[in-house]
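Okay, my_file_6.cif is below, mmCIF, C-alpha atoms and all ligand atoms:
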data_target
loop_
_atom_site.label_atom_id
_atom_site.label_comp_id
_atom_site.auth_asym_id
_atom_site.auth_seq_id
_atom_site.Cartn_x
_atom_site.Cartn_y
_atom_site.Cartn_z
CA MET A 1 90.21 56.37 -35.01
CA ASN A 2 89.76 59.80 -33.52
CA SER A 3 91.54 59.33 -30.24
CA SER A 4 93.95 56.91 -28.63
CA THR A 5 91.51 56.10 -25.85
CA GLN A 6 88.82 54.73 -28.17
CA GLN A 7 88.51 51.02 -28.70
CA PRO A 8 89.51 49.91 -32.19
CA LYS A 9 86.64 48.83 -34.42
CA ILE A 10 86.86 45.52 -36.22
CA LEU A 11 84.59 44.53 -39.08
CA ILE A 12 84.26 40.74 -39.20
CA VAL A 13 83.35 39.53 -42.69
CA GLU A 14 82.52 35.85 -42.31
CA ASP A 15 79.61 33.81 -43.63
CA GLU A 16 80.07 30.81 -41.32
CA GLU A 17 77.81 31.94 -38.52
CA ALA A 18 79.31 29.82 -35.77
CA LEU A 19 82.82 31.01 -36.60
CA ALA A 20 81.70 34.62 -36.86
CA GLU A 21 80.12 34.35 -33.44
CA VAL A 22 83.23 32.91 -31.81
CA LEU A 23 85.38 35.65 -33.32
CA ASP A 24 82.88 38.28 -32.35
CA ASP A 25 82.78 37.12 -28.72
CA TYR A 26 86.53 36.84 -28.51
CA LEU A 27 87.24 40.26 -30.01
CA ARG A 28 84.66 41.92 -27.76
CA HIS A 29 86.17 40.19 -24.78
CA HIS A 30 89.47 41.79 -25.78
CA HIS A 31 87.88 45.24 -25.82
CA PHE A 32 87.35 45.67 -29.52
CA VAL A 33 84.17 47.09 -30.97
CA THR A 34 82.83 44.72 -33.60
CA ARG A 35 80.34 44.30 -36.39
CA VAL A 36 79.66 41.11 -38.35
CA VAL A 37 78.73 40.86 -42.03
CA GLY A 38 78.09 37.50 -43.71
CA ASP A 39 77.17 38.59 -47.22
CA GLY A 40 79.82 39.82 -49.65
CA ALA A 41 77.41 42.25 -51.29
CA LEU A 42 76.87 44.08 -47.98
CA VAL A 43 80.52 44.67 -47.06
CA GLN A 44 81.00 48.04 -48.77
CA ASP A 45 77.98 49.52 -47.05
CA ALA A 46 79.16 48.17 -43.70
CA VAL A 47 82.62 49.69 -44.23
CA ALA A 48 81.08 53.07 -45.04
CA ALA A 49 78.72 53.00 -42.09
CA PHE A 50 80.93 51.40 -39.43
CA GLN A 51 84.29 52.96 -40.43
CA PRO A 52 86.34 50.05 -39.09
CA ASP A 53 89.97 50.32 -37.98
CA LEU A 54 90.56 46.84 -39.37
CA ILE A 55 88.68 44.35 -41.53
CA LEU A 56 88.85 40.58 -41.11
CA LEU A 57 87.88 39.45 -44.58
CA ASP A 58 86.94 35.91 -45.49
CA LEU A 59 87.84 34.85 -49.03
CA MET A 60 84.81 32.72 -49.92
CA LEU A 61 81.58 34.63 -49.40
CA PRO A 62 78.12 34.57 -50.92
CA ASN A 63 77.36 37.16 -53.63
CA LYS A 64 80.79 38.77 -53.77
CA ASP A 65 84.14 37.15 -53.04
CA GLY A 66 86.87 38.46 -50.75
CA LEU A 67 89.28 39.14 -53.61
CA THR A 68 86.91 41.52 -55.32
CA ILE A 69 86.00 43.17 -52.03
CA CYS A 70 89.66 43.61 -51.08
CA ARG A 71 90.43 45.27 -54.43
CA GLU A 72 87.43 47.55 -54.15
CA ILE A 73 88.32 48.65 -50.64
CA ARG A 74 91.97 49.18 -51.57
CA ALA A 75 90.97 51.37 -54.49
CA ARG A 76 89.91 54.04 -52.03
CA SER A 77 91.11 53.18 -48.54
CA THR A 78 94.21 52.06 -46.64
CA VAL A 79 92.21 50.49 -43.81
CA PRO A 80 94.12 47.39 -42.59
CA ILE A 81 92.75 44.15 -44.02
CA ILE A 82 93.47 40.64 -42.78
CA MET A 83 92.27 37.99 -45.23
CA THR A 84 91.18 34.60 -43.97
CA THR A 85 91.08 31.51 -46.14
CA ALA A 86 90.31 27.85 -45.66
CA ARG A 87 93.19 26.66 -47.81
CA VAL A 88 96.82 27.18 -46.90
CA GLU A 89 97.92 26.81 -50.54
CA GLU A 90 95.59 29.68 -51.35
CA ILE A 91 97.80 32.10 -49.42
CA ASP A 92 100.67 31.91 -51.90
CA ARG A 93 98.31 32.69 -54.73
CA LEU A 94 96.81 35.60 -52.79
CA LEU A 95 100.26 37.00 -52.07
CA GLY A 96 101.05 36.79 -55.77
CA LEU A 97 97.97 38.82 -56.62
CA GLU A 98 99.28 41.76 -54.58
CA LEU A 99 95.86 42.62 -53.27
CA GLY A 100 97.24 44.96 -50.67
CA ALA A 101 95.97 42.94 -47.72
CA ASP A 102 98.07 43.41 -44.58
CA ASP A 103 98.10 39.81 -43.45
CA TYR A 104 96.65 36.39 -44.24
CA ILE A 105 95.38 33.78 -41.82
CA CYS A 106 94.57 30.21 -42.70
CA LYS A 107 91.58 28.35 -41.27
CA PRO A 108 91.20 26.63 -38.97
CA TYR A 109 92.65 29.27 -36.70
CA SER A 110 92.38 29.88 -32.99
CA PRO A 111 90.65 33.11 -31.96
CA ARG A 112 93.77 33.80 -29.93
CA GLU A 113 95.89 33.71 -33.07
CA VAL A 114 93.49 36.10 -34.75
CA ILE A 115 93.73 38.54 -31.83
CA ALA A 116 97.52 38.44 -31.96
CA ARG A 117 97.50 39.16 -35.71
CA VAL A 118 94.87 41.88 -35.34
CA LYS A 119 96.94 43.60 -32.68
CA ALA A 120 100.12 43.31 -34.71
CA VAL A 121 98.50 44.73 -37.84
CA LEU A 122 96.88 47.58 -35.88
CA ARG A 123 100.20 48.38 -34.27
CA ARG A 124 101.88 48.52 -37.66
CA ALA A 125 99.09 50.75 -38.91
CA GLY A 126 99.71 53.07 -35.98
CA VAL A 127 96.40 52.34 -34.29
CA GLN A 128 96.83 52.21 -30.52
CA ASP A 129 94.90 49.48 -28.78
CA ALA A 130 93.33 51.63 -26.10
CA SER A 131 96.64 52.13 -24.37
CA PRO A 132 98.83 55.19 -23.80
CA ALA A 133 100.19 56.73 -26.98
CA ASN A 134 103.73 56.93 -25.64
CA LYS A 135 104.62 53.35 -25.02
CA ALA A 136 107.95 52.63 -23.43
CA LEU A 137 108.15 49.40 -25.37
CA VAL A 138 107.87 49.40 -29.15
CA LEU A 139 107.60 46.05 -30.95
CA ARG A 140 107.74 45.66 -34.71
CA ALA A 141 106.47 42.24 -35.64
CA GLU A 142 107.51 42.36 -39.30
CA SER A 143 111.19 42.81 -38.44
CA MET A 144 111.01 41.23 -34.97
CA SER A 145 112.75 44.31 -33.64
CA ALA A 146 112.06 45.89 -30.30
CA THR A 147 113.05 49.02 -28.41
CA LEU A 148 112.58 49.74 -24.73
CA LEU A 149 112.76 53.41 -23.70
CA GLY A 150 114.41 54.07 -27.05
CA VAL A 151 117.11 51.44 -26.57
CA ALA A 152 117.21 48.75 -29.26
CA LEU A 153 116.95 45.20 -27.88
CA GLU A 154 118.72 42.38 -29.65
CA LEU A 155 116.17 39.62 -29.24
CA THR A 156 115.97 36.08 -30.55
CA ALA A 157 112.71 35.04 -32.22
CA VAL A 158 111.59 33.18 -29.09
CA GLU A 159 112.44 36.12 -26.83
CA PHE A 160 110.55 38.45 -29.15
CA ARG A 161 107.43 36.29 -29.08
CA LEU A 162 107.60 35.94 -25.31
CA LEU A 163 107.88 39.67 -24.86
CA GLU A 164 105.14 40.37 -27.41
CA THR A 165 102.79 37.90 -25.72
CA MET A 166 103.25 39.40 -22.29
CA ALA A 167 103.38 43.05 -23.37
CA ASN A 168 100.13 42.68 -25.31
CA GLU A 169 98.41 42.02 -22.01
CA PRO A 170 100.32 44.02 -19.41
CA ARG A 171 99.98 42.92 -15.78
CA ARG A 172 98.32 39.65 -16.76
CA ILE A 173 100.12 36.74 -15.16
CA PHE A 174 101.05 34.06 -17.67
CA THR A 175 101.82 30.53 -16.57
CA ARG A 176 104.75 28.75 -18.18
CA ASP A 177 102.28 26.49 -19.98
CA GLN A 178 100.47 29.45 -21.48
CA LEU A 179 103.72 30.99 -22.65
CA MET A 180 104.89 27.73 -24.18
CA ASP A 181 101.57 27.41 -25.92
CA ARG A 182 101.91 30.82 -27.48
CA ILE A 183 105.47 30.70 -28.66
CA TYR A 184 105.71 27.14 -29.92
CA THR A 185 103.07 26.57 -32.56
CA ASP A 186 104.30 23.11 -33.46
CA GLN A 187 103.40 21.63 -30.06
CA ARG A 188 106.93 20.53 -29.37
CA ILE A 189 107.55 19.22 -25.93
CA VAL A 190 109.44 21.94 -24.15
CA SER A 191 110.32 21.83 -20.50
CA ASP A 192 109.49 24.56 -18.01
CA ARG A 193 113.16 25.17 -17.62
CA THR A 194 113.47 26.08 -21.31
CA ILE A 195 110.96 28.86 -20.82
CA ASP A 196 112.73 29.99 -17.66
CA SER A 197 116.02 30.16 -19.48
CA HIS A 198 114.54 32.23 -22.33
CA ILE A 199 112.88 34.51 -19.79
CA THR A 200 116.13 34.94 -17.87
CA LYS A 201 117.96 36.05 -21.00
CA LEU A 202 115.10 38.31 -22.03
CA ARG A 203 114.97 39.95 -18.60
CA LYS A 204 118.70 40.65 -18.68
CA LYS A 205 118.33 42.43 -22.02
CA LEU A 206 115.34 44.41 -20.81
CA ALA A 207 117.00 45.36 -17.53
CA THR A 208 120.07 46.61 -19.41
CA ALA A 209 117.83 48.96 -21.39
CA ASN A 210 115.81 49.99 -18.34
CA ALA A 211 118.54 51.07 -15.90
CA GLY A 212 118.58 47.73 -14.14
CA ALA A 213 114.88 47.63 -13.27
CA ASP A 214 112.73 44.61 -14.15
CA VAL A 215 109.80 44.95 -16.49
CA ILE A 216 109.11 41.22 -16.45
CA ARG A 217 108.26 40.09 -12.96
CA SER A 218 108.16 36.53 -11.81
CA VAL A 219 105.17 35.65 -9.74
CA TYR A 220 106.28 32.95 -7.37
CA GLY A 221 104.76 29.58 -8.13
CA VAL A 222 102.63 30.92 -10.96
CA GLY A 223 104.52 32.45 -13.84
CA TYR A 224 105.43 35.82 -15.27
CA LYS A 225 103.92 39.17 -16.11
CA TYR A 226 104.97 42.28 -17.96
CA GLU A 227 104.78 45.71 -16.40
CA GLU A 228 105.25 48.86 -18.44
CA PRO A 229 108.24 50.76 -17.03
CA GLU A 230 107.93 54.28 -15.63
CA GLN A 231 108.73 57.00 -18.13
CA ASN A 232 110.02 60.47 -17.35
CA CA A 301 83.44 31.58 -46.20
#
Could you quickly redo this structure as structure tokens?
Amino acid sequence: MNSSTQQPKILIVEDEEALAEVLDDYLRHHHFVTRVVGDGALVQDAVAAFQPDLILLDLMLPNKDGLTICREIRARSTVPIIMTTARVEEIDRLLGLELGADDYICKPYSPREVIARVKAVLRRAGVQDASPANKALVLRAESMSATLLGVALELTAVEFRLLETMANEPRRIFTRDQLMDRIYTDQRIVSDRTIDSHITKLRKKLATANAGADVIRSVYGVGYKYEEPEQN
């Protein structure tokens, strides 16, 4: 990317047309610029022409498989690659092959999950998602560590995911249900009060780092939202 104000470009390599379309719509809706390729033999040309900031790469493709494509791209580029596969047991094997992919997602996946992974990988790669370059909050998904205004936050895994969810979409109001949905993937039954208690602890930690001011606001009767703190 040339500038931090540009929208990141995502190349979607997926031969299932319906799935490619859903991903395409979802990514565009989240302000990414996209291109879809469904034929393995056409990926290299698309990479050269489109110059993506990230590639979502399906494993099983007509004419050339994702493994070969991943190796070829890695031979000359560090562009972030997220591999998608229909079989969860495949992921272990892929990891063992040390292809140099940045992340792996198993199908069936929700588009929302894909967006979260795309954002996390872009962040790690240092690509800003159309937001100011100097963010007050820095989240590192791989170590689940976070700093606010340079102060390290000691967060639990749940607190980290809550903060990441809200900070990824600043000023959006999340209901408790939406937050529960995002942080508990195993569909456990969790009460509203559990979320409130995690939020309360998270807010205390954030306020300590931010001179007592709240960055997570409660919206009465609705839920919570994240607001980027003022920076001097
Ligand atoms: Ca496929």
| message | Please compute the atom CA of A:Val79-atom CA of A:Arg93 distance, one decimal, in Å. | response |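 Going from atom CA of A:Val79 over to atom CA of A:Arg93 covers 21.8 Å.
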Write out as a compact mmCIF listing (two decimals) with C-alpha atoms, in the frame of the given file each polymer residue (protein, DNA or RNA) that has an atom no more than 12 Å from ligand CA 301 (chain A), with only C-alpha atoms and all ligand atoms counted.
# COMPACT_ATOMS: atom_id res chain seq x y z
CA ILE A 12 84.26 40.74 -39.20
CA VAL A 13 83.35 39.53 -42.69
CA GLU A 14 82.52 35.85 -42.31
CA ASP A 15 79.61 33.81 -43.63
CA GLU A 16 80.07 30.81 -41.32
CA GLU A 17 77.81 31.94 -38.52
CA ALA A 18 79.31 29.82 -35.77
CA LEU A 19 82.82 31.01 -36.60
CA ALA A 20 81.70 34.62 -36.86
CA VAL A 37 78.73 40.86 -42.03
CA GLY A 38 78.09 37.50 -43.71
CA ASP A 39 77.17 38.59 -47.22
CA GLY A 40 79.82 39.82 -49.65
CA LEU A 56 88.85 40.58 -41.11
CA LEU A 57 87.88 39.45 -44.58
CA ASP A 58 86.94 35.91 -45.49
CA LEU A 59 87.84 34.85 -49.03
CA MET A 60 84.81 32.72 -49.92
CA LEU A 61 81.58 34.63 -49.40
CA PRO A 62 78.12 34.57 -50.92
CA ASN A 63 77.36 37.16 -53.63
CA LYS A 64 80.79 38.77 -53.77
CA ASP A 65 84.14 37.15 -53.04
CA GLY A 66 86.87 38.46 -50.75
CA MET A 83 92.27 37.99 -45.23
CA THR A 84 91.18 34.60 -43.97
CA THR A 85 91.08 31.51 -46.14
CA ALA A 86 90.31 27.85 -45.66
CA ARG A 87 93.19 26.66 -47.81
CA CYS A 106 94.57 30.21 -42.70
CA LYS A 107 91.58 28.35 -41.27
CA PRO A 108 91.20 26.63 -38.97
| query | Quick one, how far is atom CA of A:Phe32 from atom CA of A:Ile10? | reply |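 Computed distance, atom CA of A:Phe32 to atom CA of A:Ile10, equals 6.7 Å.
Closest approach to A:Asp181 among A:Arg112, A:His30, A:Arg124, A:Arg74 is made by A:Arg112 (distances from only C-alpha atoms).
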| task | Compare A:Val222, A:Leu139, A:Ala48, A:Ile199 by their minimum atom-to-atom distance to A:Gly126, counting all atoms listed in the file, and give me the closest one. | result |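 The closest residue to A:Gly126 is A:Leu139.
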| said: Restricting the calculation to all atoms listed in the file: of A:Val151, A:Leu54, A:Ala209, A:Ala136, which residue gets closest to A:Glu227? | reply: A:Ala136
Tell me, as a PDB file with C-alpha atoms, in the frame of the given file, which residues lie within 10 Å of A:Ser218, counting all atoms listed in the file; anything in the same chain fewer than 6 positions away does not count.
ATOM      1  CA  ILE A 173     100.120  36.740 -15.160  1.00  0.00           C
ATOM      2  CA  PHE A 174     101.050  34.060 -17.670  1.00  0.00           C
ATOM      3  CA  THR A 175     101.820  30.530 -16.570  1.00  0.00           C
ATOM      4  CA  ASP A 196     112.730  29.990 -17.660  1.00  0.00           C
ATOM      5  CA  ILE A 199     112.880  34.510 -19.790  1.00  0.00           C
ATOM      6  CA  TYR A 224     105.430  35.820 -15.270  1.00  0.00           C
ATOM      7  CA  LYS A 225     103.920  39.170 -16.110  1.00  0.00           C
ATOM      8  CA  TYR A 226     104.970  42.280 -17.960  1.00  0.00           C
TER       9      TYR A 226
END
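Going from atom CA of A:Pro80 over to atom CA of A:Ala146, you cover 21.8 Å.
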What would the list of residues within 12 Å of (105.9, 26.9, -25.5) (file frame) look like as a PDB file with C-alpha atoms, in the frame of the given file, if all atoms listed in the file are what count?
ATOM      1  CA  VAL A 158     111.590  33.180 -29.090  1.00  0.00           C
ATOM      2  CA  GLU A 159     112.440  36.120 -26.830  1.00  0.00           C
ATOM      3  CA  ARG A 161     107.430  36.290 -29.080  1.00  0.00           C
ATOM      4  CA  LEU A 162     107.600  35.940 -25.310  1.00  0.00           C
ATOM      5  CA  THR A 165     102.790  37.900 -25.720  1.00  0.00           C
ATOM      6  CA  PHE A 174     101.050  34.060 -17.670  1.00  0.00           C
ATOM      7  CA  THR A 175     101.820  30.530 -16.570  1.00  0.00           C
ATOM      8  CA  ARG A 176     104.750  28.750 -18.180  1.00  0.00           C
ATOM      9  CA  ASP A 177     102.280  26.490 -19.980  1.00  0.00           C
ATOM     10  CA  GLN A 178     100.470  29.450 -21.480  1.00  0.00           C
ATOM     11  CA  LEU A 179     103.720  30.990 -22.650  1.00  0.00           C
ATOM     12  CA  MET A 180     104.890  27.730 -24.180  1.00  0.00           C
ATOM     13  CA  ASP A 181     101.570  27.410 -25.920  1.00  0.00           C
ATOM     14  CA  ARG A 182     101.910  30.820 -27.480  1.00  0.00           C
ATOM     15  CA  ILE A 183     105.470  30.700 -28.660  1.00  0.00           C
ATOM     16  CA  TYR A 184     105.710  27.140 -29.920  1.00  0.00           C
ATOM     17  CA  THR A 185     103.070  26.570 -32.560  1.00  0.00           C
ATOM     18  CA  ASP A 186     104.300  23.110 -33.460  1.00  0.00           C
ATOM     19  CA  GLN A 187     103.400  21.630 -30.060  1.00  0.00           C
ATOM     20  CA  ARG A 188     106.930  20.530 -29.370  1.00  0.00           C
ATOM     21  CA  ILE A 189     107.550  19.220 -25.930  1.00  0.00           C
ATOM     22  CA  VAL A 190     109.440  21.940 -24.150  1.00  0.00           C
ATOM     23  CA  SER A 191     110.320  21.830 -20.500  1.00  0.00           C
ATOM     24  CA  ASP A 192     109.490  24.560 -18.010  1.00  0.00           C
ATOM     25  CA  ARG A 193     113.160  25.170 -17.620  1.00  0.00           C
ATOM     26  CA  THR A 194     113.470  26.080 -21.310  1.00  0.00           C
ATOM     27  CA  ILE A 195     110.960  28.860 -20.820  1.00  0.00           C
ATOM     28  CA  ASP A 196     112.730  29.990 -17.660  1.00  0.00           C
ATOM     29  CA  HIS A 198     114.540  32.230 -22.330  1.00  0.00           C
ATOM     30  CA  ILE A 199     112.880  34.510 -19.790  1.00  0.00           C
TER      31      ILE A 199
END
Please enclose the listed atoms of stretch 172-177 of chain A in an axis-aligned box, pad each side by 4 Å, and write out the centre and the three edge lengths in Å, rounded to one decimal, as JSON.
{"center_x": 101.5, "center_y": 33.1, "center_z": -17.6, "size_x": 14.4, "size_y": 21.2, "size_z": 12.8}
Set the distance at 9 Å and use all atoms listed in the file: which residues neighbour A:Ala46 once local chain neighbours fewer than 6 positions away are removed? I'd like the list as an mmCIF file with C-alpha atoms, keeping the file's coordinate frame.
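So around_6.cif came out as:
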data_model
loop_
_atom_site.group_PDB
_atom_site.id
_atom_site.type_symbol
_atom_site.label_atom_id
_atom_site.label_comp_id
_atom_site.auth_asym_id
_atom_site.auth_seq_id
_atom_site.Cartn_x
_atom_site.Cartn_y
_atom_site.Cartn_z
ATOM 1 C CA LEU A 11 84.590 44.530 -39.080
ATOM 2 C CA ARG A 35 80.340 44.300 -36.390
ATOM 3 C CA VAL A 36 79.660 41.110 -38.350
ATOM 4 C CA VAL A 37 78.730 40.860 -42.030
ATOM 5 C CA PRO A 52 86.340 50.050 -39.090
#
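Proximity of A:Asn210, A:Thr147, A:Thr156, A:Ser110 to A:Leu23, computed with all atoms listed in the file, is greatest for A:Ser110.
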| request: Kindly indicate which residue among A:Ala101, A:Leu94, A:Ala49, A:Val127 lies nearest to A:Ile73, using only C-alpha atoms for the distances. | output: A:Ala101
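Take the candidates A:Leu27, A:Ile81, A:Leu67, A:Gly150 and check each one against A:Val47 using only C-alpha atoms; the shortest distance goes to A:Ile81.
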